[in-house]
>>> print(open('final.txt').read())   # compact mmCIF, N, CA and C atoms
# COMPACT_ATOMS: atom_id res chain seq x y z
N MET A 1 -89.43 66.60 24.66
CA MET A 1 -88.93 65.47 23.91
C MET A 1 -88.98 65.82 22.42
N LYS A 2 -87.91 65.50 21.70
CA LYS A 2 -87.85 65.75 20.27
C LYS A 2 -87.90 64.42 19.52
N TYR A 3 -88.72 64.35 18.48
CA TYR A 3 -88.82 63.15 17.67
C TYR A 3 -88.00 63.30 16.40
N VAL A 4 -87.37 62.20 15.99
CA VAL A 4 -86.59 62.17 14.75
C VAL A 4 -87.04 60.96 13.93
N THR A 5 -86.69 60.96 12.68
CA THR A 5 -87.00 59.81 11.84
C THR A 5 -85.70 59.16 11.39
N THR A 6 -85.74 57.82 11.29
CA THR A 6 -84.58 57.05 10.87
C THR A 6 -85.06 55.93 9.96
N ILE A 7 -84.45 55.82 8.80
CA ILE A 7 -84.81 54.75 7.87
C ILE A 7 -84.06 53.50 8.31
N LEU A 8 -84.78 52.42 8.58
CA LEU A 8 -84.18 51.18 9.03
C LEU A 8 -84.36 50.02 8.07
N LYS A 9 -85.24 50.19 7.06
CA LYS A 9 -85.52 49.09 6.14
C LYS A 9 -85.85 49.64 4.76
N VAL A 10 -85.33 48.98 3.72
CA VAL A 10 -85.57 49.39 2.35
C VAL A 10 -86.07 48.17 1.56
N ALA A 11 -87.07 48.37 0.73
CA ALA A 11 -87.59 47.30 -0.13
C ALA A 11 -86.99 47.43 -1.52
N VAL A 12 -86.48 46.32 -2.04
CA VAL A 12 -86.02 46.25 -3.43
C VAL A 12 -87.02 45.35 -4.14
N HIS A 13 -87.70 45.89 -5.14
CA HIS A 13 -88.80 45.14 -5.75
C HIS A 13 -89.00 45.52 -7.20
N ASN A 14 -89.65 44.63 -7.92
CA ASN A 14 -90.05 44.90 -9.29
C ASN A 14 -91.05 46.05 -9.26
N GLU A 15 -90.97 46.92 -10.25
CA GLU A 15 -91.85 48.09 -10.25
C GLU A 15 -93.33 47.73 -10.31
N THR A 16 -93.65 46.51 -10.73
CA THR A 16 -95.06 46.09 -10.80
C THR A 16 -95.54 45.44 -9.50
N GLU A 17 -94.63 45.21 -8.55
CA GLU A 17 -94.99 44.57 -7.28
C GLU A 17 -95.20 45.60 -6.18
N ASN A 18 -96.04 45.25 -5.23
CA ASN A 18 -96.25 46.08 -4.06
C ASN A 18 -95.02 45.98 -3.17
N PRO A 19 -94.39 47.09 -2.78
CA PRO A 19 -93.18 47.02 -1.96
C PRO A 19 -93.40 46.45 -0.57
N ALA A 20 -94.63 46.45 -0.09
CA ALA A 20 -94.90 45.97 1.26
C ALA A 20 -95.04 44.45 1.33
N PHE A 21 -95.58 43.83 0.28
CA PHE A 21 -95.82 42.40 0.37
C PHE A 21 -95.76 41.68 -0.98
N GLY A 22 -95.03 42.21 -1.94
CA GLY A 22 -94.95 41.59 -3.26
C GLY A 22 -94.12 40.31 -3.25
N GLU A 23 -94.47 39.38 -4.12
CA GLU A 23 -93.74 38.12 -4.27
C GLU A 23 -92.31 38.40 -4.75
N GLY A 24 -91.34 37.84 -4.06
CA GLY A 24 -89.94 38.00 -4.47
C GLY A 24 -89.28 39.30 -4.05
N ASN A 25 -89.98 40.11 -3.29
CA ASN A 25 -89.36 41.35 -2.82
C ASN A 25 -88.18 41.04 -1.92
N THR A 26 -87.18 41.90 -1.97
CA THR A 26 -86.02 41.78 -1.10
C THR A 26 -86.00 42.98 -0.17
N TYR A 27 -85.79 42.72 1.11
CA TYR A 27 -85.76 43.78 2.12
C TYR A 27 -84.39 43.84 2.75
N VAL A 28 -83.82 45.02 2.80
CA VAL A 28 -82.51 45.24 3.39
C VAL A 28 -82.71 46.12 4.61
N SER A 29 -82.22 45.64 5.75
CA SER A 29 -82.32 46.42 6.99
C SER A 29 -81.00 46.35 7.73
N ILE A 30 -80.89 47.16 8.75
CA ILE A 30 -79.67 47.20 9.56
C ILE A 30 -80.05 46.97 11.02
N GLU A 31 -79.23 46.20 11.70
CA GLU A 31 -79.44 45.95 13.13
C GLU A 31 -78.11 46.09 13.84
N ASP A 32 -78.18 46.36 15.10
CA ASP A 32 -76.98 46.46 15.92
C ASP A 32 -77.30 45.87 17.28
N GLU A 33 -76.68 44.74 17.58
CA GLU A 33 -76.91 44.08 18.87
C GLU A 33 -75.69 44.25 19.77
N ALA A 34 -75.20 45.48 19.86
CA ALA A 34 -74.07 45.87 20.71
C ALA A 34 -72.73 45.35 20.21
N GLY A 35 -72.70 44.56 19.15
CA GLY A 35 -71.44 44.07 18.60
C GLY A 35 -71.08 44.79 17.32
N GLY A 36 -71.78 45.85 17.02
CA GLY A 36 -71.58 46.58 15.77
C GLY A 36 -72.70 46.28 14.79
N PRO A 37 -72.91 47.19 13.86
CA PRO A 37 -74.02 47.03 12.92
C PRO A 37 -73.78 45.92 11.91
N PHE A 38 -74.87 45.30 11.48
CA PHE A 38 -74.82 44.31 10.41
C PHE A 38 -76.09 44.42 9.60
N LEU A 39 -76.01 43.92 8.37
CA LEU A 39 -77.15 43.97 7.47
C LEU A 39 -77.96 42.70 7.55
N ILE A 40 -79.24 42.85 7.38
CA ILE A 40 -80.13 41.70 7.25
C ILE A 40 -80.79 41.82 5.88
N ILE A 41 -80.64 40.78 5.08
CA ILE A 41 -81.25 40.74 3.76
C ILE A 41 -82.28 39.63 3.78
N GLU A 42 -83.53 39.99 3.54
CA GLU A 42 -84.63 39.02 3.59
C GLU A 42 -85.36 39.01 2.26
N GLN A 43 -85.84 37.84 1.88
CA GLN A 43 -86.66 37.73 0.69
C GLN A 43 -87.84 36.82 0.99
N ASP A 44 -89.02 37.25 0.56
CA ASP A 44 -90.24 36.48 0.78
C ASP A 44 -90.64 35.75 -0.50
N SER A 45 -91.09 34.51 -0.33
CA SER A 45 -91.66 33.77 -1.46
C SER A 45 -92.75 32.85 -0.93
N ASP A 46 -93.71 32.58 -1.78
CA ASP A 46 -94.79 31.67 -1.38
C ASP A 46 -94.25 30.26 -1.15
N GLU A 47 -93.24 29.88 -1.92
CA GLU A 47 -92.71 28.52 -1.86
C GLU A 47 -91.84 28.28 -0.63
N HIS A 48 -90.98 29.25 -0.26
CA HIS A 48 -90.01 29.03 0.81
C HIS A 48 -90.26 29.89 2.06
N GLY A 49 -91.26 30.71 2.05
CA GLY A 49 -91.48 31.62 3.17
C GLY A 49 -90.44 32.73 3.14
N THR A 50 -90.02 33.18 4.30
CA THR A 50 -89.02 34.24 4.39
C THR A 50 -87.64 33.63 4.60
N VAL A 51 -86.72 34.00 3.71
CA VAL A 51 -85.33 33.56 3.81
C VAL A 51 -84.51 34.77 4.23
N SER A 52 -83.62 34.57 5.20
CA SER A 52 -82.89 35.69 5.79
C SER A 52 -81.40 35.43 5.82
N LEU A 53 -80.61 36.47 5.57
CA LEU A 53 -79.16 36.42 5.65
C LEU A 53 -78.69 37.58 6.53
N ARG A 54 -77.90 37.27 7.55
CA ARG A 54 -77.30 38.30 8.40
C ARG A 54 -75.83 38.38 8.03
N ILE A 55 -75.37 39.58 7.68
CA ILE A 55 -74.02 39.71 7.16
C ILE A 55 -73.41 41.06 7.53
N ASP A 56 -72.15 41.02 7.89
CA ASP A 56 -71.39 42.22 8.18
C ASP A 56 -71.16 42.98 6.87
N TYR A 57 -71.10 44.30 6.92
CA TYR A 57 -70.96 45.10 5.70
C TYR A 57 -69.67 44.75 4.94
N GLN A 58 -68.56 44.59 5.63
CA GLN A 58 -67.30 44.25 4.95
C GLN A 58 -67.40 42.88 4.27
N GLU A 59 -68.08 41.94 4.91
CA GLU A 59 -68.28 40.64 4.29
C GLU A 59 -69.17 40.77 3.06
N LEU A 60 -70.19 41.62 3.13
CA LEU A 60 -71.06 41.85 1.98
C LEU A 60 -70.25 42.36 0.80
N LEU A 61 -69.33 43.28 1.04
CA LEU A 61 -68.49 43.80 -0.05
C LEU A 61 -67.67 42.67 -0.68
N ALA A 62 -67.13 41.77 0.14
CA ALA A 62 -66.37 40.63 -0.38
C ALA A 62 -67.27 39.70 -1.19
N VAL A 63 -68.49 39.48 -0.74
CA VAL A 63 -69.45 38.63 -1.46
C VAL A 63 -69.81 39.26 -2.81
N VAL A 64 -69.99 40.56 -2.84
CA VAL A 64 -70.30 41.25 -4.10
C VAL A 64 -69.14 41.10 -5.07
N GLU A 65 -67.92 41.28 -4.60
CA GLU A 65 -66.75 41.12 -5.48
C GLU A 65 -66.64 39.68 -5.99
N ALA A 66 -66.88 38.70 -5.14
CA ALA A 66 -66.85 37.29 -5.57
C ALA A 66 -67.94 37.04 -6.61
N SER A 67 -69.09 37.64 -6.43
CA SER A 67 -70.20 37.49 -7.38
C SER A 67 -69.83 38.08 -8.73
N LYS A 68 -69.21 39.25 -8.72
CA LYS A 68 -68.76 39.88 -9.97
C LYS A 68 -67.74 38.98 -10.68
N MET A 69 -66.83 38.39 -9.91
CA MET A 69 -65.81 37.52 -10.48
C MET A 69 -66.47 36.31 -11.15
N LEU A 70 -67.44 35.70 -10.48
CA LEU A 70 -68.13 34.55 -11.04
C LEU A 70 -68.88 34.90 -12.32
N MET A 71 -69.59 36.03 -12.31
CA MET A 71 -70.34 36.44 -13.49
C MET A 71 -69.40 36.77 -14.65
N HIS A 72 -68.29 37.43 -14.35
CA HIS A 72 -67.31 37.74 -15.39
C HIS A 72 -66.77 36.45 -16.01
N GLN A 73 -66.43 35.50 -15.17
CA GLN A 73 -65.91 34.21 -15.64
C GLN A 73 -66.93 33.53 -16.54
N LEU A 74 -68.19 33.57 -16.16
CA LEU A 74 -69.25 32.95 -16.96
C LEU A 74 -69.34 33.60 -18.33
N TYR A 75 -69.31 34.93 -18.38
CA TYR A 75 -69.40 35.63 -19.66
C TYR A 75 -68.17 35.37 -20.53
N VAL A 76 -66.99 35.28 -19.93
CA VAL A 76 -65.77 34.98 -20.69
C VAL A 76 -65.88 33.59 -21.29
N GLU A 77 -66.31 32.61 -20.50
CA GLU A 77 -66.46 31.24 -20.99
C GLU A 77 -67.49 31.17 -22.11
N GLN A 78 -68.59 31.89 -21.99
CA GLN A 78 -69.62 31.89 -23.02
C GLN A 78 -69.09 32.51 -24.31
N ALA A 79 -68.30 33.59 -24.18
CA ALA A 79 -67.74 34.25 -25.36
C ALA A 79 -66.72 33.34 -26.05
N GLU A 80 -65.96 32.58 -25.29
CA GLU A 80 -64.97 31.68 -25.87
C GLU A 80 -65.63 30.52 -26.63
N MET A 81 -66.86 30.17 -26.25
CA MET A 81 -67.55 29.05 -26.88
C MET A 81 -68.14 29.44 -28.25
N LYS A 82 -68.22 30.73 -28.52
CA LYS A 82 -68.83 31.20 -29.79
C LYS A 82 -67.85 31.15 -30.92
>>> encode(input="final.txt", output="structure tokens")
Amino acid sequence: MKYVTTILKVAVHNETENPAFGEGNTYVSIEDEAGGPFLIIEQDSDEHGTVSLRIDYQELLAVVEASKMLMHQLYVEQAEMK
């Protein structure tokens, strides 16, 4: 039998926080339940516990683009107010 390693989860965290259990850490993992792979994005907080989002990769790309559009619009509006 041959053993291999596979990365299944990544922690996104402030450099001052512990990646295993720091407040506000975000964890990105991948799962596949025979319907194709999807991402799970989880964030832990003392106030809300663990909040989880299950999302297809293509949908994630669309959400990122929508987020960029919203942030751009906000900055344009702020610049126009000056």
>>> atom_distance(input="final.txt", atom1="atom CA of A:Met71", atom2="atom CA of A:Glu59")
18.4 Å
>>> atom_distance(input="final.txt", atom1="atom N of A:Val10", atom2="atom C of A:Gly22")
14.2 Å
>>> atom_distance(input="final.txt", atom1="atom N of A:Val12", atom2="atom C of A:His72")
26.1 Å
>>> residues_around(input="final.txt", residues="A:Glu15", least_positions_apart="4", cutoff="12 Å", atoms="only C-alpha atoms", output="VMD selection string")
chain A and resid 11 19 22 to 25
>>> select_by_dssp(input="final.txt", residues="chain A", states="strand (DSSP E)", output="PyMOL selection string")
chain A and resi 9-12+26-32+37-45+49-55
>>> select_by_dssp(input="final.txt", residues="stretch 11-70 of chain A", states="alpha helix (DSSP H)", output="list in words")
Tyr57, Gln58, Glu59, Leu60, Leu61, Ala62, Val63, Val64, Glu65, Ala66, Ser67, Lys68, Met69 and Leu70 of chain A
>>> residues_near_point(input="final.txt", point="(-91.1, 34.0, 0.5)", cutoff="12 Å", atoms="only C-alpha atoms", output="ChimeraX atom specification")
/A:21-27,42-52
>>> residues_around(input="final.txt", residues="A:Gln58", least_positions_apart="6", cutoff="8 Å", atoms="all atoms listed in the file", output="list in words")
Phe38, Leu39 and Val64 of chain A
>>> decode(input="final.txt", residues="chain A", atoms="C-alpha atoms", output="PDB file, in the first residue's frame")
ATOM      1  CA  MET A   1       0.000   0.000   0.000  1.00  0.00           C
ATOM      2  CA  LYS A   2       1.290   3.466  -0.899  1.00  0.00           C
ATOM      3  CA  TYR A   3       0.367   6.553   1.130  1.00  0.00           C
ATOM      4  CA  VAL A   4      -0.088   9.999  -0.400  1.00  0.00           C
ATOM      5  CA  THR A   5      -0.860  13.402   1.035  1.00  0.00           C
ATOM      6  CA  THR A   6      -3.667  15.691  -0.099  1.00  0.00           C
ATOM      7  CA  ILE A   7      -4.419  19.193   1.147  1.00  0.00           C
ATOM      8  CA  LEU A   8      -8.153  19.445   1.865  1.00  0.00           C
ATOM      9  CA  LYS A   9      -8.396  22.555   4.049  1.00  0.00           C
ATOM     10  CA  VAL A  10      -6.655  25.941   4.193  1.00  0.00           C
ATOM     11  CA  ALA A  11      -6.831  28.537   6.982  1.00  0.00           C
ATOM     12  CA  VAL A  12      -6.987  32.238   6.114  1.00  0.00           C
ATOM     13  CA  HIS A  13      -6.125  34.206   9.232  1.00  0.00           C
ATOM     14  CA  ASN A  14      -4.547  37.309  10.673  1.00  0.00           C
ATOM     15  CA  GLU A  15      -0.841  36.768  11.172  1.00  0.00           C
ATOM     16  CA  THR A  16      -1.285  37.324  14.924  1.00  0.00           C
ATOM     17  CA  GLU A  17      -3.978  34.614  15.249  1.00  0.00           C
ATOM     18  CA  ASN A  18      -3.492  30.890  15.661  1.00  0.00           C
ATOM     19  CA  PRO A  19      -4.516  29.238  12.356  1.00  0.00           C
ATOM     20  CA  ALA A  20      -6.089  26.285  14.164  1.00  0.00           C
ATOM     21  CA  PHE A  21      -8.520  28.140  16.418  1.00  0.00           C
ATOM     22  CA  GLY A  22      -8.106  31.924  16.124  1.00  0.00           C
ATOM     23  CA  GLU A  23     -11.103  34.256  16.379  1.00  0.00           C
ATOM     24  CA  GLY A  24     -12.391  35.218  12.929  1.00  0.00           C
ATOM     25  CA  ASN A  25     -10.328  32.677  11.026  1.00  0.00           C
ATOM     26  CA  THR A  26     -11.730  31.596   7.683  1.00  0.00           C
ATOM     27  CA  TYR A  27     -11.329  28.004   6.512  1.00  0.00           C
ATOM     28  CA  VAL A  28     -11.648  26.970   2.886  1.00  0.00           C
ATOM     29  CA  SER A  29     -12.073  23.297   2.066  1.00  0.00           C
ATOM     30  CA  ILE A  30     -13.275  21.182  -0.815  1.00  0.00           C
ATOM     31  CA  GLU A  31     -15.801  18.360  -0.758  1.00  0.00           C
ATOM     32  CA  ASP A  32     -17.252  16.090  -3.377  1.00  0.00           C
ATOM     33  CA  GLU A  33     -20.466  14.187  -2.694  1.00  0.00           C
ATOM     34  CA  ALA A  34     -20.573  12.443  -6.097  1.00  0.00           C
ATOM     35  CA  GLY A  35     -22.185  15.499  -7.724  1.00  0.00           C
ATOM     36  CA  GLY A  36     -18.884  17.229  -8.398  1.00  0.00           C
ATOM     37  CA  PRO A  37     -16.586  19.234  -6.156  1.00  0.00           C
ATOM     38  CA  PHE A  38     -17.699  22.309  -4.253  1.00  0.00           C
ATOM     39  CA  LEU A  39     -16.084  24.680  -1.810  1.00  0.00           C
ATOM     40  CA  ILE A  40     -16.968  25.078   1.824  1.00  0.00           C
ATOM     41  CA  ILE A  41     -16.077  28.398   3.404  1.00  0.00           C
ATOM     42  CA  GLU A  42     -16.379  28.484   7.193  1.00  0.00           C
ATOM     43  CA  GLN A  43     -15.692  31.196   9.718  1.00  0.00           C
ATOM     44  CA  ASP A  44     -15.617  30.838  13.496  1.00  0.00           C
ATOM     45  CA  SER A  45     -16.618  33.541  15.956  1.00  0.00           C
ATOM     46  CA  ASP A  46     -17.420  33.576  19.640  1.00  0.00           C
ATOM     47  CA  GLU A  47     -20.642  35.482  18.939  1.00  0.00           C
ATOM     48  CA  HIS A  48     -22.121  33.369  16.112  1.00  0.00           C
ATOM     49  CA  GLY A  49     -20.318  30.041  16.353  1.00  0.00           C
ATOM     50  CA  THR A  50     -19.344  28.501  13.014  1.00  0.00           C
ATOM     51  CA  VAL A  51     -20.933  29.988   9.905  1.00  0.00           C
ATOM     52  CA  SER A  52     -20.661  27.915   6.733  1.00  0.00           C
ATOM     53  CA  LEU A  53     -21.221  28.516   3.016  1.00  0.00           C
ATOM     54  CA  ARG A  54     -21.278  25.706   0.431  1.00  0.00           C
ATOM     55  CA  ILE A  55     -20.674  27.011  -3.059  1.00  0.00           C
ATOM     56  CA  ASP A  56     -19.772  25.731  -6.502  1.00  0.00           C
ATOM     57  CA  TYR A  57     -16.483  27.128  -7.859  1.00  0.00           C
ATOM     58  CA  GLN A  58     -18.139  28.812 -10.865  1.00  0.00           C
ATOM     59  CA  GLU A  59     -20.669  30.453  -8.560  1.00  0.00           C
ATOM     60  CA  LEU A  60     -17.814  31.629  -6.323  1.00  0.00           C
ATOM     61  CA  LEU A  61     -16.208  33.342  -9.327  1.00  0.00           C
ATOM     62  CA  ALA A  62     -19.507  35.125 -10.069  1.00  0.00           C
ATOM     63  CA  VAL A  63     -19.797  36.204  -6.402  1.00  0.00           C
ATOM     64  CA  VAL A  64     -16.242  37.578  -6.465  1.00  0.00           C
ATOM     65  CA  GLU A  65     -17.001  39.584  -9.620  1.00  0.00           C
ATOM     66  CA  ALA A  66     -20.223  40.940  -8.064  1.00  0.00           C
ATOM     67  CA  SER A  67     -18.248  41.896  -4.946  1.00  0.00           C
ATOM     68  CA  LYS A  68     -15.669  43.753  -7.044  1.00  0.00           C
ATOM     69  CA  MET A  69     -18.484  45.589  -8.839  1.00  0.00           C
ATOM     70  CA  LEU A  70     -20.059  46.661  -5.544  1.00  0.00           C
ATOM     71  CA  MET A  71     -16.748  47.848  -4.084  1.00  0.00           C
ATOM     72  CA  HIS A  72     -15.900  49.751  -7.278  1.00  0.00           C
ATOM     73  CA  GLN A  73     -19.313  51.437  -7.216  1.00  0.00           C
ATOM     74  CA  LEU A  74     -18.779  52.429  -3.575  1.00  0.00           C
ATOM     75  CA  TYR A  75     -15.385  53.991  -4.310  1.00  0.00           C
ATOM     76  CA  VAL A  76     -16.749  55.859  -7.352  1.00  0.00           C
ATOM     77  CA  GLU A  77     -19.623  57.264  -5.286  1.00  0.00           C
ATOM     78  CA  GLN A  78     -17.240  58.309  -2.503  1.00  0.00           C
ATOM     79  CA  ALA A  79     -14.928  60.025  -5.006  1.00  0.00           C
ATOM     80  CA  GLU A  80     -17.862  61.900  -6.559  1.00  0.00           C
ATOM     81  CA  MET A  81     -18.880  63.220  -3.125  1.00  0.00           C
ATOM     82  CA  LYS A  82     -15.483  64.926  -2.597  1.00  0.00           C
TER      83      LYS A  82
END
